[in-house]
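J.: Encoded as structure tokens, here's the structure I'll be asking about.
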Amino acid sequence: MNRRLPPLYALRAFEAAARHASFTRAAEELAITQSAVSRHIRTLEEHFDCRLFERHGRSLQLSEQARALLPGVSEGFDSLARACAILQADDGVLRLKAPTTLTVRWLLARLSHYRLAHADAEVQLTSAWMDVDKVDFRQEPFDCAVLLSDGNFSDEWESTLLFEEWLIPVCSAADAADGPWSLARLQATEQLHPTVDRRDWRRWLHATGLSEAVPLKSGQMFDMLELGIVAASRGYGVSIGDLLMVAEDVALGRLGLPWPTAVFSGESYYLVWPRAHRAQARLRRLRDYLLAEVQAVVLPAVECLH
């Protein structure tokens, strides 16, 4: 593809002037003179053969053509900045994106301990609700991410499987105090759905062969695993949780397992990062720490079905 583009410095001046609606403020941001900004704008106007700015008294306004040009130019400079950030000098901070439930139930505590053990290794965690876990290292300001996925990632990424997702019903500790439930009790109890499409209950019932005996109910629906688990812990019904992420609460008597059979969902939690990232040593150290933490988790004694 033959990209006949105007000079990059001229586009940069245009983007700054359009954003500020001022040649003077654009010049201050770019550390050049106002006349230089004006010359760069004229270069673009000659290139495109159209006016980009119009003056109305003291007000500087974009022309119709400039309004059409600005979004793409702004996005382009944002993308360039993010791409270059991967190879820029390391500021000592790893910016990690992770799904909300994993953050609350497992990751946050581990990263707190990690910072204490590695004073020179700051990890800045961003918890994000994602219906489908994803990250775009070209468009988002992250160095690494933990994603629930089938493991089919870009060839440009490093990826490490942390742990598999095993789905298991959860309820309040009091409701499971007498041991595993009977089929009749499971049938009669309100189902809590951590996803609006009820996929987790559907997977679990299908894998355990209970789809006909325990039909899906409408029940209360949530948009994340954590909300379903919290509602179940308070006695509002039975939800689906992840075996590793509920292990601590089960051990401490804050959650119960009414039907101790876990089902592999087909997906796992992975730590991923760009192969071209300069902080490879620190990323591998974080990976090794998280893997060790996974190995240290004591899982409840349950039947596991692949």
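Each chain of the structure tokens is named A, B, ... in the order shown, its residues numbered from 1; ligands are numbered from 1 in display order.
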At most 6 Å is the cut-off: for each residue in segment 223-301 of chain A with any atom that close to an atom of segment 149-163 of chain A, write down the nearest atom pair and the distance in Å rounded to one decimal, counting only C-alpha atoms, chain first then increasing number, as a Markdown table.
T.:
```
| residue | atom | partner | partner_atom | distance |
| --- | --- | --- | --- | --- |
| A:Glu267 | CA | A:Asp150 | CA | 4.7 |
| A:Ser268 | CA | A:Ser149 | CA | 5.6 |
| A:Tyr269 | CA | A:Phe163 | CA | 5.5 |
| A:Tyr270 | CA | A:Leu161 | CA | 4.4 |
| A:Leu271 | CA | A:Thr160 | CA | 5.3 |
| A:Val272 | CA | A:Ser159 | CA | 4.4 |
| A:Trp273 | CA | A:Glu158 | CA | 5.4 |
| A:Pro274 | CA | A:Trp157 | CA | 4.4 |
| A:Arg275 | CA | A:Trp157 | CA | 5.1 |
| A:Leu291 | CA | A:Leu162 | CA | 5.9 |
```
J.: For Val298 of chain A, please output as a PyMOL selection string all residues within 12 Å (counting only C-alpha atoms; exclusion window: fewer than 3 positions along the same chain).
T.: chain A and resi 243-252+293-295+301-302
J.: Quick one: pull the distance between atom CA of Thr103 of chain A and atom CA of Lys217 of chain A, Å, one decimal.
T.: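 A separation of 28.7 Å between them.
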J.: Which distance in Å separates atom CA of Ser172 of chain A and atom CA of Arg254 of chain A, to one decimal?
T.: 6.9 Å
J.: Give me, please, the distance in Å between atom CA of Thr101 of chain A and atom CA of Val135 of chain A, quoted to one decimal.
T.: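 Here the two named atoms are 16.5 Å from each other.
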J.: Once DSSP has gone over the backbone, tell me which residues of segment 39-271 of chain A are in strand (DSSP E), as a ChimeraX atom specification.
T.: /A:53-56,59-62,93-99,122-128,144-149,157-170,192-193,220-221,239-242,261-271
J.: Smallest atom-to-atom distance to Arg234 of chain A: which of A:Phe137, A:Asp175, A:Thr43, A:Ala31, using only C-alpha atoms?
T.: A:Asp175
J.: Write out as a ChimeraX atom specification the residues lying within 12 Å of Glu64 of chain A, counting only C-alpha atoms and excluding same-chain residues fewer than 2 positions away.
T.: /A:50-54,61-62,66-70
J.: Could those residues be written to a file, using C-alpha atoms, as a PDB file, in the first residue's frame?
T.:
```
ATOM      1  CA  CYS A  50      -8.648  22.989   1.468  1.00  0.00           C
ATOM      2  CA  ARG A  51      -8.977  25.277   4.465  1.00  0.00           C
ATOM      3  CA  LEU A  52      -8.595  23.636   7.866  1.00  0.00           C
ATOM      4  CA  PHE A  53      -9.267  26.555  10.211  1.00  0.00           C
ATOM      5  CA  GLU A  54     -11.544  29.556  10.057  1.00  0.00           C
ATOM      6  CA  GLN A  61     -12.928  27.093  14.450  1.00  0.00           C
ATOM      7  CA  LEU A  62     -12.376  23.930  12.473  1.00  0.00           C
ATOM      8  CA  ALA A  66     -10.784  19.518   9.485  1.00  0.00           C
ATOM      9  CA  ARG A  67     -13.571  18.039  11.612  1.00  0.00           C
ATOM     10  CA  ALA A  68     -13.523  14.984   9.354  1.00  0.00           C
ATOM     11  CA  LEU A  69      -9.718  14.727   9.561  1.00  0.00           C
ATOM     12  CA  LEU A  70      -9.226  15.231  13.307  1.00  0.00           C
TER      13      LEU A  70
END
```
J.: Mind listing the helix (DSSP H, G or I) residues of segment 72-119 of chain A, per DSSP on the backbone, as JSON, numbers by chain?
T.: {"A": [72, 73, 74, 75, 76, 77, 78, 79, 80, 81, 82, 83, 84, 85, 100, 101, 102, 103, 104, 105, 106, 107, 108, 109, 110, 111, 112, 113, 114, 115, 116, 117]}
J.: Let's have the selection written as an mmCIF file, in the first residue's frame, with N, CA and C atoms.
T.:
```cif
data_model
loop_
_atom_site.group_PDB
_atom_site.id
_atom_site.type_symbol
_atom_site.label_atom_id
_atom_site.label_comp_id
_atom_site.auth_asym_id
_atom_site.auth_seq_id
_atom_site.Cartn_x
_atom_site.Cartn_y
_atom_site.Cartn_z
ATOM 1 N N GLY A 72 -9.305 10.733 13.049
ATOM 2 C CA GLY A 72 -8.318 9.755 12.594
ATOM 3 C C GLY A 72 -6.900 10.144 12.949
ATOM 4 N N VAL A 73 -6.589 11.459 12.860
ATOM 5 C CA VAL A 73 -5.253 11.921 13.210
ATOM 6 C C VAL A 73 -4.998 11.732 14.705
ATOM 7 N N SER A 74 -5.987 12.080 15.532
ATOM 8 C CA SER A 74 -5.831 11.911 16.984
ATOM 9 C C SER A 74 -5.630 10.447 17.350
ATOM 10 N N GLU A 75 -6.432 9.574 16.763
ATOM 11 C CA GLU A 75 -6.284 8.139 17.028
ATOM 12 C C GLU A 75 -4.921 7.644 16.571
ATOM 13 N N GLY A 76 -4.452 8.175 15.441
ATOM 14 C CA GLY A 76 -3.151 7.752 14.934
ATOM 15 C C GLY A 76 -2.017 8.117 15.870
ATOM 16 N N PHE A 77 -2.039 9.333 16.410
ATOM 17 C CA PHE A 77 -0.980 9.738 17.343
ATOM 18 C C PHE A 77 -1.082 8.967 18.663
ATOM 19 N N ASP A 78 -2.303 8.684 19.104
ATOM 20 C CA ASP A 78 -2.467 7.871 20.316
ATOM 21 C C ASP A 78 -1.879 6.479 20.112
ATOM 22 N N SER A 79 -2.147 5.899 18.942
ATOM 23 C CA SER A 79 -1.614 4.562 18.642
ATOM 24 C C SER A 79 -0.092 4.580 18.555
ATOM 25 N N LEU A 80 0.461 5.619 17.941
ATOM 26 C CA LEU A 80 1.911 5.739 17.862
ATOM 27 C C LEU A 80 2.531 5.840 19.252
ATOM 28 N N ALA A 81 1.909 6.632 20.124
ATOM 29 C CA ALA A 81 2.438 6.804 21.476
ATOM 30 C C ALA A 81 2.430 5.483 22.234
ATOM 31 N N ARG A 82 1.338 4.725 22.093
ATOM 32 C CA ARG A 82 1.262 3.441 22.805
ATOM 33 C C ARG A 82 2.256 2.438 22.239
ATOM 34 N N ALA A 83 2.413 2.429 20.910
ATOM 35 C CA ALA A 83 3.368 1.505 20.296
ATOM 36 C C ALA A 83 4.793 1.826 20.729
ATOM 37 N N CYS A 84 5.125 3.101 20.762
ATOM 38 C CA CYS A 84 6.483 3.500 21.143
ATOM 39 C C CYS A 84 6.745 3.265 22.624
ATOM 40 N N ALA A 85 5.691 3.321 23.440
ATOM 41 C CA ALA A 85 5.870 3.148 24.882
ATOM 42 C C ALA A 85 6.466 1.785 25.221
ATOM 43 N N THR A 100 -12.428 -8.479 37.055
ATOM 44 C CA THR A 100 -12.815 -8.020 38.379
ATOM 45 C C THR A 100 -12.850 -9.135 39.422
ATOM 46 N N THR A 101 -13.519 -10.236 39.131
ATOM 47 C CA THR A 101 -13.659 -11.295 40.140
ATOM 48 C C THR A 101 -12.314 -11.874 40.518
ATOM 49 N N LEU A 102 -11.463 -12.121 39.548
ATOM 50 C CA LEU A 102 -10.130 -12.632 39.841
ATOM 51 C C LEU A 102 -9.366 -11.652 40.721
ATOM 52 N N THR A 103 -9.501 -10.363 40.430
ATOM 53 C CA THR A 103 -8.818 -9.343 41.224
ATOM 54 C C THR A 103 -9.259 -9.390 42.676
ATOM 55 N N VAL A 104 -10.557 -9.371 42.902
ATOM 56 C CA VAL A 104 -11.095 -9.323 44.266
ATOM 57 C C VAL A 104 -10.800 -10.600 45.024
ATOM 58 N N ARG A 105 -10.964 -11.744 44.372
ATOM 59 C CA ARG A 105 -10.916 -13.028 45.077
ATOM 60 C C ARG A 105 -9.507 -13.591 45.228
ATOM 61 N N TRP A 106 -8.573 -13.177 44.377
ATOM 62 C CA TRP A 106 -7.274 -13.846 44.434
ATOM 63 C C TRP A 106 -6.095 -12.924 44.158
ATOM 64 N N LEU A 107 -6.178 -12.137 43.109
ATOM 65 C CA LEU A 107 -4.990 -11.441 42.613
ATOM 66 C C LEU A 107 -4.550 -10.291 43.499
ATOM 67 N N LEU A 108 -5.495 -9.522 44.035
ATOM 68 C CA LEU A 108 -5.145 -8.330 44.796
ATOM 69 C C LEU A 108 -4.261 -8.658 45.994
ATOM 70 N N ALA A 109 -4.635 -9.693 46.741
ATOM 71 C CA ALA A 109 -3.836 -10.081 47.913
ATOM 72 C C ALA A 109 -2.443 -10.540 47.501
ATOM 73 N N ARG A 110 -2.358 -11.286 46.402
ATOM 74 C CA ARG A 110 -1.045 -11.784 45.961
ATOM 75 C C ARG A 110 -0.138 -10.639 45.530
ATOM 76 N N LEU A 111 -0.689 -9.655 44.851
ATOM 77 C CA LEU A 111 0.137 -8.532 44.412
ATOM 78 C C LEU A 111 0.581 -7.675 45.587
ATOM 79 N N SER A 112 -0.239 -7.580 46.628
ATOM 80 C CA SER A 112 0.180 -6.859 47.836
ATOM 81 C C SER A 112 1.395 -7.526 48.457
ATOM 82 N N HIS A 113 1.375 -8.851 48.533
ATOM 83 C CA HIS A 113 2.512 -9.591 49.072
ATOM 84 C C HIS A 113 3.734 -9.473 48.153
ATOM 85 N N TYR A 114 3.463 -9.447 46.842
ATOM 86 C CA TYR A 114 4.552 -9.336 45.875
ATOM 87 C C TYR A 114 5.306 -8.019 46.045
ATOM 88 N N ARG A 115 4.572 -6.939 46.260
ATOM 89 C CA ARG A 115 5.218 -5.639 46.446
ATOM 90 C C ARG A 115 6.072 -5.619 47.702
ATOM 91 N N LEU A 116 5.600 -6.281 48.746
ATOM 92 C CA LEU A 116 6.372 -6.321 49.986
ATOM 93 C C LEU A 116 7.664 -7.115 49.799
ATOM 94 N N ALA A 117 7.585 -8.166 49.001
ATOM 95 C CA ALA A 117 8.761 -9.018 48.790
ATOM 96 C C ALA A 117 9.725 -8.431 47.769
#
```
